[in-house]
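Engineer: Handing over run-v6.tsv, TSV, C-alpha atoms and all ligand atoms.
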chain	number	residue	atom	x	y	z
A	1	MET	CA	4.63	159.17	110.62
A	2	GLU	CA	1.73	158.22	108.42
A	3	PHE	CA	1.02	155.53	105.88
A	4	ASN	CA	-2.38	155.19	104.23
A	5	PHE	CA	-2.67	152.52	101.63
A	6	PRO	CA	-6.17	151.58	100.53
A	7	THR	CA	-5.43	149.80	97.21
A	8	ARG	CA	-5.63	146.01	97.08
A	9	ILE	CA	-2.66	144.96	94.94
A	10	ILE	CA	-2.50	141.61	93.18
A	11	ILE	CA	0.60	140.94	91.09
A	12	LYS	CA	0.76	137.64	89.28
A	13	ARG	CA	0.99	136.44	85.71
A	14	GLY	CA	-2.59	135.59	84.69
A	15	CYS	CA	-4.11	137.60	87.55
A	16	VAL	CA	-6.78	139.34	85.46
A	17	SER	CA	-8.66	136.17	84.53
A	18	GLU	CA	-8.11	134.70	87.99
A	19	ASN	CA	-9.80	137.71	89.60
A	20	ALA	CA	-12.92	138.08	87.48
A	21	ASP	CA	-15.10	137.73	90.59
A	22	ARG	CA	-13.44	140.70	92.18
A	23	LEU	CA	-14.29	142.81	89.12
A	24	SER	CA	-17.96	141.99	89.42
A	25	SER	CA	-17.93	143.18	93.04
A	26	PHE	CA	-17.71	146.79	91.72
A	27	GLY	CA	-20.95	146.68	89.71
A	28	LYS	CA	-22.63	145.36	86.61
A	29	ARG	CA	-21.55	148.03	84.09
A	30	CYS	CA	-18.12	149.47	83.57
A	31	LEU	CA	-16.19	151.71	81.21
A	32	ILE	CA	-12.79	150.44	80.13
A	33	VAL	CA	-10.47	153.43	79.66
A	34	THR	CA	-7.44	152.71	77.52
A	35	GLY	CA	-5.11	153.91	74.77
A	36	LYS	CA	-5.36	153.41	71.06
A	37	SER	CA	-3.65	150.09	70.48
A	38	SER	CA	-1.25	148.69	73.05
A	39	ALA	CA	-3.83	147.06	75.35
A	40	LYS	CA	-5.07	145.11	72.34
A	41	LEU	CA	-1.55	144.28	71.21
A	42	CYS	CA	-0.34	142.95	74.56
A	43	GLY	CA	-3.44	140.83	75.23
A	44	ALA	CA	-4.58	142.85	78.25
A	45	LEU	CA	-7.82	144.04	76.67
A	46	ASP	CA	-8.84	140.49	75.72
A	47	ASP	CA	-8.05	139.29	79.24
A	48	VAL	CA	-10.21	142.04	80.73
A	49	THR	CA	-13.19	141.60	78.40
A	50	ASN	CA	-13.09	137.80	78.76
A	51	ALA	CA	-13.01	138.16	82.54
A	52	LEU	CA	-15.96	140.59	82.46
A	53	ASP	CA	-17.92	138.24	80.19
A	54	THR	CA	-17.49	135.33	82.59
A	55	VAL	CA	-19.00	137.32	85.46
A	56	ASN	CA	-21.71	139.05	83.37
A	57	VAL	CA	-20.40	142.57	83.72
A	58	ASN	CA	-21.36	144.78	80.75
A	59	TYR	CA	-18.70	147.09	79.39
A	60	LYS	CA	-17.95	149.75	76.86
A	61	ILE	CA	-14.45	150.62	75.70
A	62	PHE	CA	-13.17	154.20	75.56
A	63	ASP	CA	-9.86	153.90	73.72
A	64	LYS	CA	-9.12	157.55	72.96
A	65	ILE	CA	-6.46	158.23	75.58
A	66	THR	CA	-3.19	159.55	74.20
A	67	GLN	CA	0.20	159.94	75.88
A	68	ASN	CA	0.18	162.80	78.39
A	69	PRO	CA	-3.62	162.56	78.55
A	70	LEU	CA	-5.69	165.64	77.78
A	71	PHE	CA	-8.39	167.03	80.03
A	72	SER	CA	-10.69	167.28	77.00
A	73	ASP	CA	-10.41	163.51	76.39
A	74	CYS	CA	-11.08	162.81	80.07
A	75	ARG	CA	-14.20	164.95	79.87
A	76	ALA	CA	-15.34	163.05	76.77
A	77	GLY	CA	-14.68	159.74	78.58
A	78	ALA	CA	-16.66	160.95	81.60
A	79	ALA	CA	-19.62	161.81	79.35
A	80	GLN	CA	-19.48	158.33	77.87
A	81	ALA	CA	-19.30	156.75	81.34
A	82	ARG	CA	-22.37	158.73	82.37
A	83	ASP	CA	-24.37	157.93	79.22
A	84	TRP	CA	-23.55	154.26	79.61
A	85	GLY	CA	-24.41	154.25	83.29
A	86	ALA	CA	-20.98	152.94	84.27
A	87	GLU	CA	-20.76	151.93	87.92
A	88	PHE	CA	-16.99	151.63	87.86
A	89	ILE	CA	-13.96	152.31	85.67
A	90	ILE	CA	-11.29	149.89	84.52
A	91	ALA	CA	-8.19	151.93	83.66
A	92	LEU	CA	-5.98	149.83	81.40
A	93	GLY	CA	-2.59	150.73	79.94
A	94	GLY	CA	0.49	152.73	80.79
A	95	GLY	CA	0.45	155.74	83.10
A	96	SER	CA	-1.53	157.80	80.59
A	97	PRO	CA	-4.72	155.67	80.51
A	98	LEU	CA	-4.35	154.93	84.24
A	99	ASP	CA	-4.28	158.64	85.08
A	100	ALA	CA	-7.08	159.37	82.62
A	101	GLY	CA	-9.18	156.61	84.22
A	102	LYS	CA	-8.82	158.31	87.62
A	103	ALA	CA	-9.87	161.65	86.11
A	104	ILE	CA	-12.86	160.10	84.33
A	105	ALA	CA	-13.90	158.38	87.57
A	106	CYS	CA	-14.21	161.71	89.35
A	107	LEU	CA	-15.67	163.70	86.43
A	108	ALA	CA	-18.36	161.15	85.50
A	109	PRO	CA	-20.58	161.61	88.57
A	110	ASN	CA	-20.04	165.39	88.48
A	111	PRO	CA	-21.33	166.64	85.12
A	112	ASP	CA	-21.02	170.30	86.08
A	113	ALA	CA	-17.36	170.00	87.10
A	114	GLY	CA	-14.66	171.40	84.84
A	115	GLU	CA	-10.91	171.56	84.77
A	116	LYS	CA	-10.66	173.75	87.85
A	117	GLU	CA	-12.73	171.42	89.99
A	118	MET	CA	-10.77	168.41	88.79
A	119	TYR	CA	-7.35	169.80	89.74
A	120	ALA	CA	-8.67	171.18	93.04
A	121	GLN	CA	-10.67	167.97	93.65
A	122	THR	CA	-13.71	169.93	94.75
A	123	PHE	CA	-16.60	167.69	93.79
A	124	ARG	CA	-20.13	167.30	95.06
A	125	ASN	CA	-20.30	163.56	94.37
A	126	PRO	CA	-17.66	160.95	95.19
A	127	PRO	CA	-15.75	159.32	92.28
A	128	LEU	CA	-16.55	155.95	90.77
A	129	SER	CA	-14.30	153.07	91.88
A	130	VAL	CA	-11.27	152.43	89.71
A	131	VAL	CA	-9.65	149.11	88.90
A	132	ALA	CA	-6.16	149.87	87.53
A	133	ILE	CA	-4.32	147.44	85.28
A	134	GLY	CA	-0.86	148.62	84.27
A	135	THR	CA	0.86	147.55	81.07
A	136	THR	CA	4.16	149.42	81.51
A	137	ALA	CA	6.72	148.94	84.29
A	138	GLY	CA	7.21	152.56	85.11
A	139	THR	CA	4.76	155.02	86.56
A	140	GLY	CA	3.29	152.95	89.38
A	141	SER	CA	0.12	154.96	88.77
A	142	GLU	CA	-1.93	151.84	89.44
A	143	VAL	CA	-1.12	152.31	93.13
A	144	THR	CA	-1.09	156.10	93.52
A	145	GLN	CA	-3.77	158.66	94.37
A	146	VAL	CA	-2.28	161.00	91.77
A	147	ALA	CA	-3.19	161.68	88.15
A	148	VAL	CA	-1.18	163.85	85.77
A	149	ILE	CA	-3.46	165.43	83.18
A	150	THR	CA	-2.52	167.96	80.52
A	151	GLY	CA	-4.74	171.01	80.92
A	152	SER	CA	-6.19	173.22	78.19
A	153	ASP	CA	-3.12	175.47	78.64
A	154	GLY	CA	-0.92	172.58	77.45
A	155	ARG	CA	0.68	172.10	80.86
A	156	LYS	CA	1.02	168.86	82.72
A	157	LYS	CA	-0.54	169.28	86.15
A	158	SER	CA	-1.52	166.74	88.71
A	159	PHE	CA	-4.28	166.20	91.18
A	160	ARG	CA	-3.91	164.17	94.31
A	161	ALA	CA	-6.72	162.88	96.50
A	162	ASP	CA	-7.18	159.88	98.75
A	163	SER	CA	-10.41	159.14	96.90
A	164	ALA	CA	-8.37	158.70	93.69
A	165	PHE	CA	-6.50	155.62	94.94
A	166	PRO	CA	-7.61	152.71	92.75
A	167	ALA	CA	-9.67	150.22	94.73
A	168	LEU	CA	-7.89	147.32	93.03
A	169	ALA	CA	-4.61	147.08	91.09
A	170	LEU	CA	-4.06	143.98	88.97
A	171	GLY	CA	-0.48	143.60	87.75
A	172	ASP	CA	0.45	141.06	85.12
A	173	PRO	CA	4.07	141.62	84.03
A	174	ARG	CA	3.45	139.58	80.83
A	175	TYR	CA	1.89	142.68	79.29
A	176	THR	CA	5.13	144.61	79.68
A	177	GLU	CA	6.92	142.14	77.38
A	178	PHE	CA	5.21	143.81	74.42
A	179	MET	CA	6.65	147.26	75.08
A	180	PRO	CA	8.93	148.59	72.33
A	181	GLU	CA	12.54	148.90	73.47
A	182	ASN	CA	12.40	152.69	73.88
A	183	VAL	CA	9.27	152.42	76.05
A	184	THR	CA	10.87	149.69	78.20
A	185	ARG	CA	13.93	151.88	78.73
A	186	ALA	CA	12.09	155.15	79.38
A	187	THR	CA	9.54	153.62	81.75
A	188	ALA	CA	12.24	151.77	83.71
A	189	ALA	CA	14.07	155.08	84.15
A	190	ASP	CA	10.82	156.65	85.38
A	191	ALA	CA	10.42	153.91	87.99
A	192	LEU	CA	14.00	154.45	89.19
A	193	SER	CA	13.39	158.18	89.29
A	194	HIS	CA	10.35	157.68	91.55
A	195	CYS	CA	12.39	155.56	93.96
A	196	ILE	CA	15.26	158.07	94.14
A	197	GLU	CA	13.06	161.18	94.28
A	198	SER	CA	11.00	159.64	97.04
A	199	TYR	CA	13.98	158.39	99.06
A	200	PHE	CA	15.61	161.84	99.20
A	201	ASN	CA	12.34	163.70	99.60
A	202	ASN	CA	11.99	165.85	102.72
A	203	THR	CA	8.62	164.23	103.33
A	204	ALA	CA	9.92	160.64	103.19
A	205	ASN	CA	9.40	158.41	106.21
A	206	GLU	CA	10.36	154.89	107.26
A	207	PHE	CA	7.42	153.40	105.39
A	208	SER	CA	8.09	155.15	102.10
A	209	ARG	CA	11.82	154.42	102.31
A	210	LEU	CA	11.17	150.70	102.73
A	211	PHE	CA	9.59	150.74	99.29
A	212	SER	CA	11.83	153.29	97.61
A	213	ILE	CA	15.08	151.59	98.60
A	214	ARG	CA	13.86	148.11	97.67
A	215	GLY	CA	12.58	149.41	94.33
A	216	ALA	CA	15.87	151.22	93.64
A	217	LYS	CA	17.90	148.09	94.46
A	218	LEU	CA	15.79	145.89	92.15
A	219	ILE	CA	16.12	148.40	89.31
A	220	ALA	CA	19.85	148.98	89.84
A	221	ASP	CA	20.38	145.20	89.63
A	222	ILE	CA	18.39	145.02	86.39
A	223	PHE	CA	20.33	147.97	84.95
A	224	LYS	CA	23.61	146.18	85.72
A	225	SER	CA	22.66	143.33	83.40
A	226	PHE	CA	20.42	145.24	81.00
A	227	PRO	CA	20.66	143.53	77.57
A	228	ASP	CA	21.84	145.69	74.67
A	229	ASP	CA	18.67	144.97	72.68
A	230	GLY	CA	16.40	145.78	75.64
A	231	ARG	CA	14.90	142.27	75.63
A	232	LEU	CA	14.66	141.55	79.32
A	233	THR	CA	14.22	138.05	80.68
A	234	GLN	CA	10.94	136.99	82.26
A	235	THR	CA	12.53	137.28	85.70
A	236	GLN	CA	13.76	140.79	84.92
A	237	ARG	CA	10.31	141.81	83.65
A	238	ASP	CA	8.66	140.49	86.83
A	239	SER	CA	11.19	142.23	89.00
A	240	LEU	CA	10.97	145.52	87.09
A	241	TYR	CA	7.19	145.53	87.33
A	242	LEU	CA	7.34	144.90	91.08
A	243	ALA	CA	9.92	147.69	91.46
A	244	SER	CA	7.67	150.10	89.57
A	245	VAL	CA	4.84	149.33	92.00
A	246	PHE	CA	7.22	149.88	94.93
A	247	GLY	CA	8.16	153.24	93.41
A	248	GLY	CA	4.47	154.11	93.09
A	249	ILE	CA	3.81	153.26	96.74
A	250	ALA	CA	6.80	155.38	97.76
A	251	ILE	CA	5.64	158.46	95.80
A	252	SER	CA	2.10	157.99	97.11
A	253	VAL	CA	3.61	159.05	100.44
A	254	THR	CA	6.09	161.70	99.33
A	255	GLY	CA	5.29	162.91	95.83
A	256	THR	CA	8.17	163.51	93.45
A	257	CYS	CA	11.01	166.04	93.45
A	258	ILE	CA	13.47	167.87	91.15
A	259	PRO	CA	13.65	165.48	88.15
A	260	HIS	CA	9.86	165.32	87.72
A	261	ALA	CA	9.34	169.03	88.33
A	262	LEU	CA	11.93	169.97	85.71
A	263	GLY	CA	11.10	167.07	83.40
A	264	TYR	CA	7.59	168.26	82.57
A	265	PHE	CA	8.63	171.15	80.34
A	266	LEU	CA	10.80	168.82	78.23
A	267	THR	CA	7.68	166.75	77.59
A	268	GLU	CA	5.37	169.74	77.01
A	269	ASN	CA	7.69	171.80	74.81
A	270	HIS	CA	9.78	169.11	73.13
A	271	GLY	CA	7.71	165.90	73.24
A	272	VAL	CA	10.35	164.08	75.31
A	273	ALA	CA	8.92	160.84	76.81
A	274	HIS	CA	8.17	161.22	80.51
A	275	GLY	CA	10.78	158.70	81.73
A	276	THR	CA	13.46	160.06	79.40
A	277	ALA	CA	12.83	163.58	80.69
A	278	CYS	CA	13.15	162.45	84.32
A	279	ALA	CA	16.27	160.39	83.58
A	280	PHE	CA	17.93	163.48	82.08
A	281	TRP	CA	17.72	165.20	85.48
A	282	LEU	CA	18.62	162.20	87.63
A	283	PRO	CA	22.43	162.62	87.54
A	284	TYR	CA	21.99	166.26	88.61
A	285	PHE	CA	19.73	165.12	91.44
A	286	ILE	CA	22.20	162.44	92.57
A	287	GLU	CA	24.92	165.06	92.64
A	288	HIS	CA	22.62	167.45	94.52
A	289	ASN	CA	21.94	164.86	97.21
A	290	LEU	CA	25.62	164.02	97.62
A	291	LYS	CA	26.15	167.66	98.51
A	292	TYR	CA	23.01	168.44	100.54
A	293	ALA	CA	22.21	165.03	102.06
A	294	PRO	CA	25.59	163.25	102.31
A	295	ASP	CA	24.61	160.83	105.09
A	296	LEU	CA	21.41	159.81	103.38
A	297	SER	CA	23.34	159.39	100.12
A	298	ALA	CA	25.86	157.12	101.85
A	299	CYS	CA	23.00	154.97	103.20
A	300	PHE	CA	21.29	154.87	99.82
A	301	PHE	CA	24.34	153.72	97.88
A	302	LYS	CA	25.28	151.18	100.54
A	303	GLU	CA	21.77	149.68	100.40
A	304	ILE	CA	21.63	149.45	96.62
A	305	GLN	CA	25.24	148.22	96.47
A	306	THR	CA	26.54	150.61	93.91
A	307	ASP	CA	28.22	154.01	93.92
A	308	PRO	CA	27.14	157.35	92.47
A	309	ALA	CA	29.44	157.18	89.44
A	310	GLU	CA	28.28	153.69	88.57
A	311	LEU	CA	24.61	154.58	88.98
A	312	GLU	CA	25.03	157.60	86.72
A	313	ARG	CA	26.76	155.41	84.15
A	314	LEU	CA	23.96	152.82	84.33
A	315	ILE	CA	21.28	155.48	83.87
A	316	GLY	CA	23.22	156.83	80.89
A	317	SER	CA	23.45	153.41	79.30
A	318	VAL	CA	19.82	152.31	79.88
A	319	ALA	CA	17.70	155.47	79.59
A	320	PRO	CA	17.05	156.85	76.10
A	321	LYS	CA	19.12	159.93	75.35
A	322	MET	CA	17.43	163.32	75.75
A	323	THR	CA	18.24	165.29	72.61
A	324	ALA	CA	16.07	168.43	72.92
A	325	ARG	CA	17.90	171.75	72.66
A	326	VAL	CA	16.76	174.37	75.13
A	327	GLY	CA	17.72	178.02	74.83
A	328	ARG	CA	17.78	180.92	77.27
A	329	ALA	CA	14.49	182.44	76.06
A	330	GLU	CA	12.67	179.21	76.81
A	331	LEU	CA	14.21	178.96	80.27
A	332	ASP	CA	13.38	182.59	81.03
A	333	GLY	CA	9.78	181.95	80.00
A	334	MET	CA	9.51	179.08	82.47
A	335	ARG	CA	10.98	180.87	85.48
A	336	GLU	CA	7.67	181.81	87.11
A	337	ARG	CA	6.49	178.25	86.92
A	338	TRP	CA	9.51	176.72	88.64
A	339	ILE	CA	9.81	179.28	91.35
A	340	ASN	CA	6.38	178.25	92.66
A	341	ASN	CA	6.77	174.52	92.18
A	342	SER	CA	6.02	172.65	95.39
A	343	CYS	CA	7.97	169.52	94.35
A	344	LEU	CA	11.22	171.52	94.18
A	345	LYS	CA	10.76	172.59	97.77
A	346	LYS	CA	10.79	168.97	98.87
A	347	ALA	CA	14.44	168.49	97.91
A	348	PRO	CA	17.17	168.51	100.55
A	349	GLY	CA	18.90	171.90	100.82
A	350	ASN	CA	17.41	175.16	99.76
A	351	ILE	CA	16.32	175.38	96.14
A	352	ASP	CA	16.11	179.12	95.57
A	353	ASN	CA	15.96	181.10	92.33
A	354	LYS	CA	19.71	181.41	92.12
A	355	TYR	CA	20.23	177.69	92.54
A	356	LEU	CA	17.66	176.92	89.86
A	357	GLU	CA	19.13	179.35	87.38
A	358	LYS	CA	22.58	177.88	87.83
A	359	LEU	CA	21.29	174.35	87.45
A	360	LEU	CA	19.38	175.16	84.27
A	361	GLU	CA	22.33	177.05	82.86
A	362	ARG	CA	24.63	174.11	83.54
A	363	ALA	CA	22.17	171.68	81.97
A	364	PHE	CA	21.51	173.59	78.77
A	365	LEU	CA	23.60	176.67	78.22
A	366	THR	CA	27.15	175.75	79.07
A	367	GLY	CA	29.48	173.12	77.61
A	401	LIG	P1	2.12	155.88	78.36
A	401	LIG	O1	2.09	157.33	77.99
A	401	LIG	O2	0.95	155.34	79.07
A	401	LIG	O3	2.39	154.98	77.07
A	401	LIG	C1	3.52	155.21	76.26
A	401	LIG	C2	3.44	154.38	74.98
A	401	LIG	O4	3.63	153.00	75.31
A	401	LIG	C3	2.09	154.47	74.27
A	401	LIG	O5	2.33	154.50	72.89
A	401	LIG	C4	1.38	153.17	74.67
A	401	LIG	O6	0.46	152.74	73.68
A	401	LIG	C5	2.57	152.23	74.74
A	401	LIG	N1	2.38	151.05	75.61
A	401	LIG	C6	1.92	151.01	76.88
A	401	LIG	N2	1.95	149.74	77.35
A	401	LIG	C7	2.42	148.96	76.34
A	401	LIG	C8	2.66	147.56	76.20
A	401	LIG	N3	2.48	146.71	77.21
A	401	LIG	N4	3.12	147.09	75.02
A	401	LIG	C9	3.34	147.96	73.97
A	401	LIG	N5	3.16	149.30	74.05
A	401	LIG	C10	2.70	149.79	75.23
A	401	LIG	O7	3.48	155.61	79.17
A	401	LIG	P2	3.89	155.63	80.71
A	401	LIG	O8	5.31	156.02	80.73
A	401	LIG	O9	3.47	154.38	81.38
A	401	LIG	O10	3.02	156.81	81.33
A	401	LIG	C11	3.47	158.16	81.32
A	401	LIG	C12	2.41	159.04	81.92
A	401	LIG	O11	2.20	158.70	83.30
A	401	LIG	C13	2.81	160.50	81.89
A	401	LIG	O12	1.71	161.31	81.52
A	401	LIG	C14	3.23	160.78	83.32
A	401	LIG	O13	3.11	162.14	83.67
A	401	LIG	C15	2.30	159.89	84.10
A	401	LIG	N6	2.75	159.52	85.45
A	401	LIG	C16	1.81	159.35	86.43
A	401	LIG	C17	2.18	159.01	87.71
A	401	LIG	C18	1.14	158.86	88.79
A	401	LIG	O14	1.46	158.58	89.94
A	401	LIG	N7	-0.11	159.05	88.49
A	401	LIG	C19	3.54	158.79	88.03
A	401	LIG	C20	4.47	158.95	87.00
A	401	LIG	C21	4.07	159.29	85.73
A	401	LIG	P3	-1.07	153.27	73.59
A	401	LIG	O15	-0.97	154.69	73.10
A	401	LIG	O16	-1.75	152.36	72.66
A	401	LIG	O17	-1.65	153.24	74.98
A	402	ZN	ZN	7.14	159.59	86.70
Since I need it in another form, could you write the structure as structure tokens?
Ligand code: NAP
Ligand code: ZN

Structural biologist:
Amino acid sequence: MEFNFPTRIIIKRGCVSENADRLSSFGKRCLIVTGKSSAKLCGALDDVTNALDTVNVNYKIFDKITQNPLFSDCRAGAAQARDWGAEFIIALGGGSPLDAGKAIACLAPNPDAGEKEMYAQTFRNPPLSVVAIGTTAGTGSEVTQVAVITGSDGRKKSFRADSAFPALALGDPRYTEFMPENVTRATAADALSHCIESYFNNTANEFSRLFSIRGAKLIADIFKSFPDDGRLTQTQRDSLYLASVFGGIAISVTGTCIPHALGYFLTENHGVAHGTACAFWLPYFIEHNLKYAPDLSACFFKEIQTDPAELERLIGSVAPKMTARVGRAELDGMRERWINNSCLKKAPGNIDNKYLEKLLERAFLTG
């Protein structure tokens, strides 16, 4: 059994300004990597720049990161980090800027490295340190050694390396109060998906399950009293953020499983939000585990104090509805990709070609 967790995690409302000194311990110049507008809107960018000003750390802002971040933008961010002489990266936003920040941190000190080297993590020079500040309650990327970057082929692919763990994660759940309702719902479903996919993962251990089960219980409780308008209470926001971090810690041990593996093509081909795509597959995964891991399923539902039918109903009522239509030609075109997917092999039971074809047929081609 193994558990390696090098990220210092501080979760508290107001924690960014309270930890300005810690930021200055990473150097005197940093690049802030973020998205177009939400870090400004939710106050996180002001908190970060004010904190840096108080400790005399110079910064530049790279705010070009889009959803499902592109390798080309990460390369542009790395060039800016190099030109500016950044000693560390502050990755600020939802999972997209957080992942992009990790990619920029490893590309910046390695100007000759391209896409291939990034995914394979074969670099001459070690990455810059990353401080990760999440503004969604979903991916848990602020505490994982994984980054999902869309390659030049348009596919979402991840890299995973111990050196990509952020050195520091600052979590202020206040930022999540500014999420639009659909983002709150989709990201919450993503966090639940991480907890479930990790719990039933063949590579799970006692450490990862501590986090995945606690995260799943917190989220199931929130889903039971999820307000119709998506306006969660402060206590629910705090709890959901914590659960998303627990989910991140759990997948840092195990990786993800069927819902993530099959969710990516819905995002790539149909623009479905990441959490919505994962939530679409969750009921199928719950059903799969009832069949192939019945004892584990019994434990899981006892711990989170709900039953499979209720959990499926809750997911259906909270997660945004996946409306993409997928035809046989599209599925046939993706076959090669799924057959070789390592996440699918981590599910209980044996996921062979026949199983996959049946599952996809059930999901899209029959009644
Ligand atoms: P996201 O793609 O980072 O952001 C989604 C939208 O929400 C964007 O429009 C963003 O605005 C906005 N937003 C973010 N925080 C907000 C706030 N506090 N208030 C208002 N709007 C806000 O969403 P995400 O679901 O967090 O991240 C998804 C990505 O993470 C996917 O690419 C997925 O593959 C990846 N992921 C990574 C891991 C990992 O371990 N590394 C795990 C799971 C998923 P802006 O455009 O202005 O930023
Ligand atoms: Zn996810």

Engineer: Which residue out of A:Thr54, A:Pro109, A:Thr150, A:Ala39 has the minimum interatomic distance to A:Ser72 when only C-alpha atoms are used?

Structural biologist: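 The shortest atom-to-atom distance to A:Ser72 comes from A:Thr150.
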
Engineer: Please determine, counting all atoms listed in the file, which residue among A:Val318, A:Val183, A:Ile258, A:Ala191 has the shortest atom-to-atom distance to A:Asp228.

Structural biologist: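 Among the listed residues, the smallest separation from A:Asp228 belongs to A:Val318.
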
Engineer: Mind checking which residues fall within 12 Å of A:Phe88, counting all atoms listed in the file, ignoring those fewer than 5 positions away in the same chain, and posting them as a ChimeraX atom specification?

Structural biologist: /A:23-33,57-60,78,81-82,101-102,104-106,108-109,126-132,166-168

Engineer: Given the choices A:Ile10, A:Ala113, A:Val253, A:Ala137, which gets closest to ligand LIG 401 (chain A) if the distance is worked out from all atoms listed in the file?

Structural biologist: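 The shortest atom-to-atom distance to ligand LIG 401 (chain A) comes from A:Ala137.
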
Engineer: Quote the spacing between atom CA of A:Ala147 and atom CA of A:Leu266 in Å to one decimal place.

Structural biologist: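 Rounded to one decimal, the two atoms are 18.6 Å apart.
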
Engineer: Which residues of chain A come within 7 Å of ligand LIG 401 (chain A), and for each one, what is the closest pair of atoms and their distance in Å to one decimal, counting only C-alpha atoms and all ligand atoms, sorted by chain and residue number, as JSON lines?

Structural biologist:
{"residue": "A:Thr34", "atom": "CA", "partner": "A:LIG401", "partner_atom": "O17", "distance": 6.3}
{"residue": "A:Gly35", "atom": "CA", "partner": "A:LIG401", "partner_atom": "O17", "distance": 3.5}
{"residue": "A:Lys36", "atom": "CA", "partner": "A:LIG401", "partner_atom": "O16", "distance": 4.1}
{"residue": "A:Ser37", "atom": "CA", "partner": "A:LIG401", "partner_atom": "O16", "distance": 3.7}
{"residue": "A:Ser38", "atom": "CA", "partner": "A:LIG401", "partner_atom": "O16", "distance": 3.7}
{"residue": "A:Ala39", "atom": "CA", "partner": "A:LIG401", "partner_atom": "O16", "distance": 6.3}
{"residue": "A:Leu41", "atom": "CA", "partner": "A:LIG401", "partner_atom": "N4", "distance": 6.6}
{"residue": "A:Cys42", "atom": "CA", "partner": "A:LIG401", "partner_atom": "N3", "distance": 5.4}
{"residue": "A:Ile65", "atom": "CA", "partner": "A:LIG401", "partner_atom": "O17", "distance": 7.0}
{"residue": "A:Thr66", "atom": "CA", "partner": "A:LIG401", "partner_atom": "O15", "distance": 5.5}
{"residue": "A:Gln67", "atom": "CA", "partner": "A:LIG401", "partner_atom": "O1", "distance": 3.9}
{"residue": "A:Asn68", "atom": "CA", "partner": "A:LIG401", "partner_atom": "O12", "distance": 3.8}
{"residue": "A:Pro69", "atom": "CA", "partner": "A:LIG401", "partner_atom": "O12", "distance": 6.2}
{"residue": "A:Gly93", "atom": "CA", "partner": "A:LIG401", "partner_atom": "N2", "distance": 5.3}
{"residue": "A:Gly94", "atom": "CA", "partner": "A:LIG401", "partner_atom": "O2", "distance": 3.2}
{"residue": "A:Gly95", "atom": "CA", "partner": "A:LIG401", "partner_atom": "O10", "distance": 3.3}
{"residue": "A:Ser96", "atom": "CA", "partner": "A:LIG401", "partner_atom": "O2", "distance": 3.8}
{"residue": "A:Pro97", "atom": "CA", "partner": "A:LIG401", "partner_atom": "O2", "distance": 5.9}
{"residue": "A:Asp99", "atom": "CA", "partner": "A:LIG401", "partner_atom": "N7", "distance": 5.4}
{"residue": "A:Thr135", "atom": "CA", "partner": "A:LIG401", "partner_atom": "N3", "distance": 4.3}
{"residue": "A:Thr136", "atom": "CA", "partner": "A:LIG401", "partner_atom": "N2", "distance": 4.7}
{"residue": "A:Ala137", "atom": "CA", "partner": "A:LIG401", "partner_atom": "O9", "distance": 7.0}
{"residue": "A:Gly138", "atom": "CA", "partner": "A:LIG401", "partner_atom": "O9", "distance": 5.6}
{"residue": "A:Thr139", "atom": "CA", "partner": "A:LIG401", "partner_atom": "C20", "distance": 4.0}
{"residue": "A:Gly140", "atom": "CA", "partner": "A:LIG401", "partner_atom": "O14", "distance": 5.9}
{"residue": "A:Ser141", "atom": "CA", "partner": "A:LIG401", "partner_atom": "C18", "distance": 4.0}
{"residue": "A:Thr144", "atom": "CA", "partner": "A:LIG401", "partner_atom": "O14", "distance": 5.0}
{"residue": "A:Gln145", "atom": "CA", "partner": "A:LIG401", "partner_atom": "O14", "distance": 6.9}
{"residue": "A:Val146", "atom": "CA", "partner": "A:LIG401", "partner_atom": "N7", "distance": 4.4}
{"residue": "A:Ala147", "atom": "CA", "partner": "A:LIG401", "partner_atom": "N7", "distance": 4.1}
{"residue": "A:Val148", "atom": "CA", "partner": "A:LIG401", "partner_atom": "O13", "distance": 5.1}
{"residue": "A:Ile149", "atom": "CA", "partner": "A:LIG401", "partner_atom": "O12", "distance": 6.8}
{"residue": "A:Tyr175", "atom": "CA", "partner": "A:LIG401", "partner_atom": "N3", "distance": 4.6}
{"residue": "A:Thr176", "atom": "CA", "partner": "A:LIG401", "partner_atom": "N3", "distance": 4.2}
{"residue": "A:Glu177", "atom": "CA", "partner": "A:LIG401", "partner_atom": "N3", "distance": 6.4}
{"residue": "A:Phe178", "atom": "CA", "partner": "A:LIG401", "partner_atom": "N4", "distance": 3.9}
{"residue": "A:Met179", "atom": "CA", "partner": "A:LIG401", "partner_atom": "N4", "distance": 3.5}
{"residue": "A:Pro180", "atom": "CA", "partner": "A:LIG401", "partner_atom": "C9", "distance": 5.9}
{"residue": "A:Val183", "atom": "CA", "partner": "A:LIG401", "partner_atom": "O4", "distance": 5.7}
{"residue": "A:Ala186", "atom": "CA", "partner": "A:LIG401", "partner_atom": "O8", "distance": 7.0}
{"residue": "A:Thr187", "atom": "CA", "partner": "A:LIG401", "partner_atom": "O8", "distance": 5.0}
{"residue": "A:Asp190", "atom": "CA", "partner": "A:LIG401", "partner_atom": "C20", "distance": 6.9}
{"residue": "A:Gly248", "atom": "CA", "partner": "A:LIG401", "partner_atom": "O14", "distance": 6.2}
{"residue": "A:His274", "atom": "CA", "partner": "A:LIG401", "partner_atom": "C13", "distance": 5.6}
{"residue": "A:Gly275", "atom": "CA", "partner": "A:LIG401", "partner_atom": "O8", "distance": 6.2}

Engineer: I'd like to know which of A:Ser193, A:Thr306, A:Thr254, A:Ser239 is closest to ligand ZN 402 (chain A), using all atoms listed in the file.

Structural biologist: A:Ser193
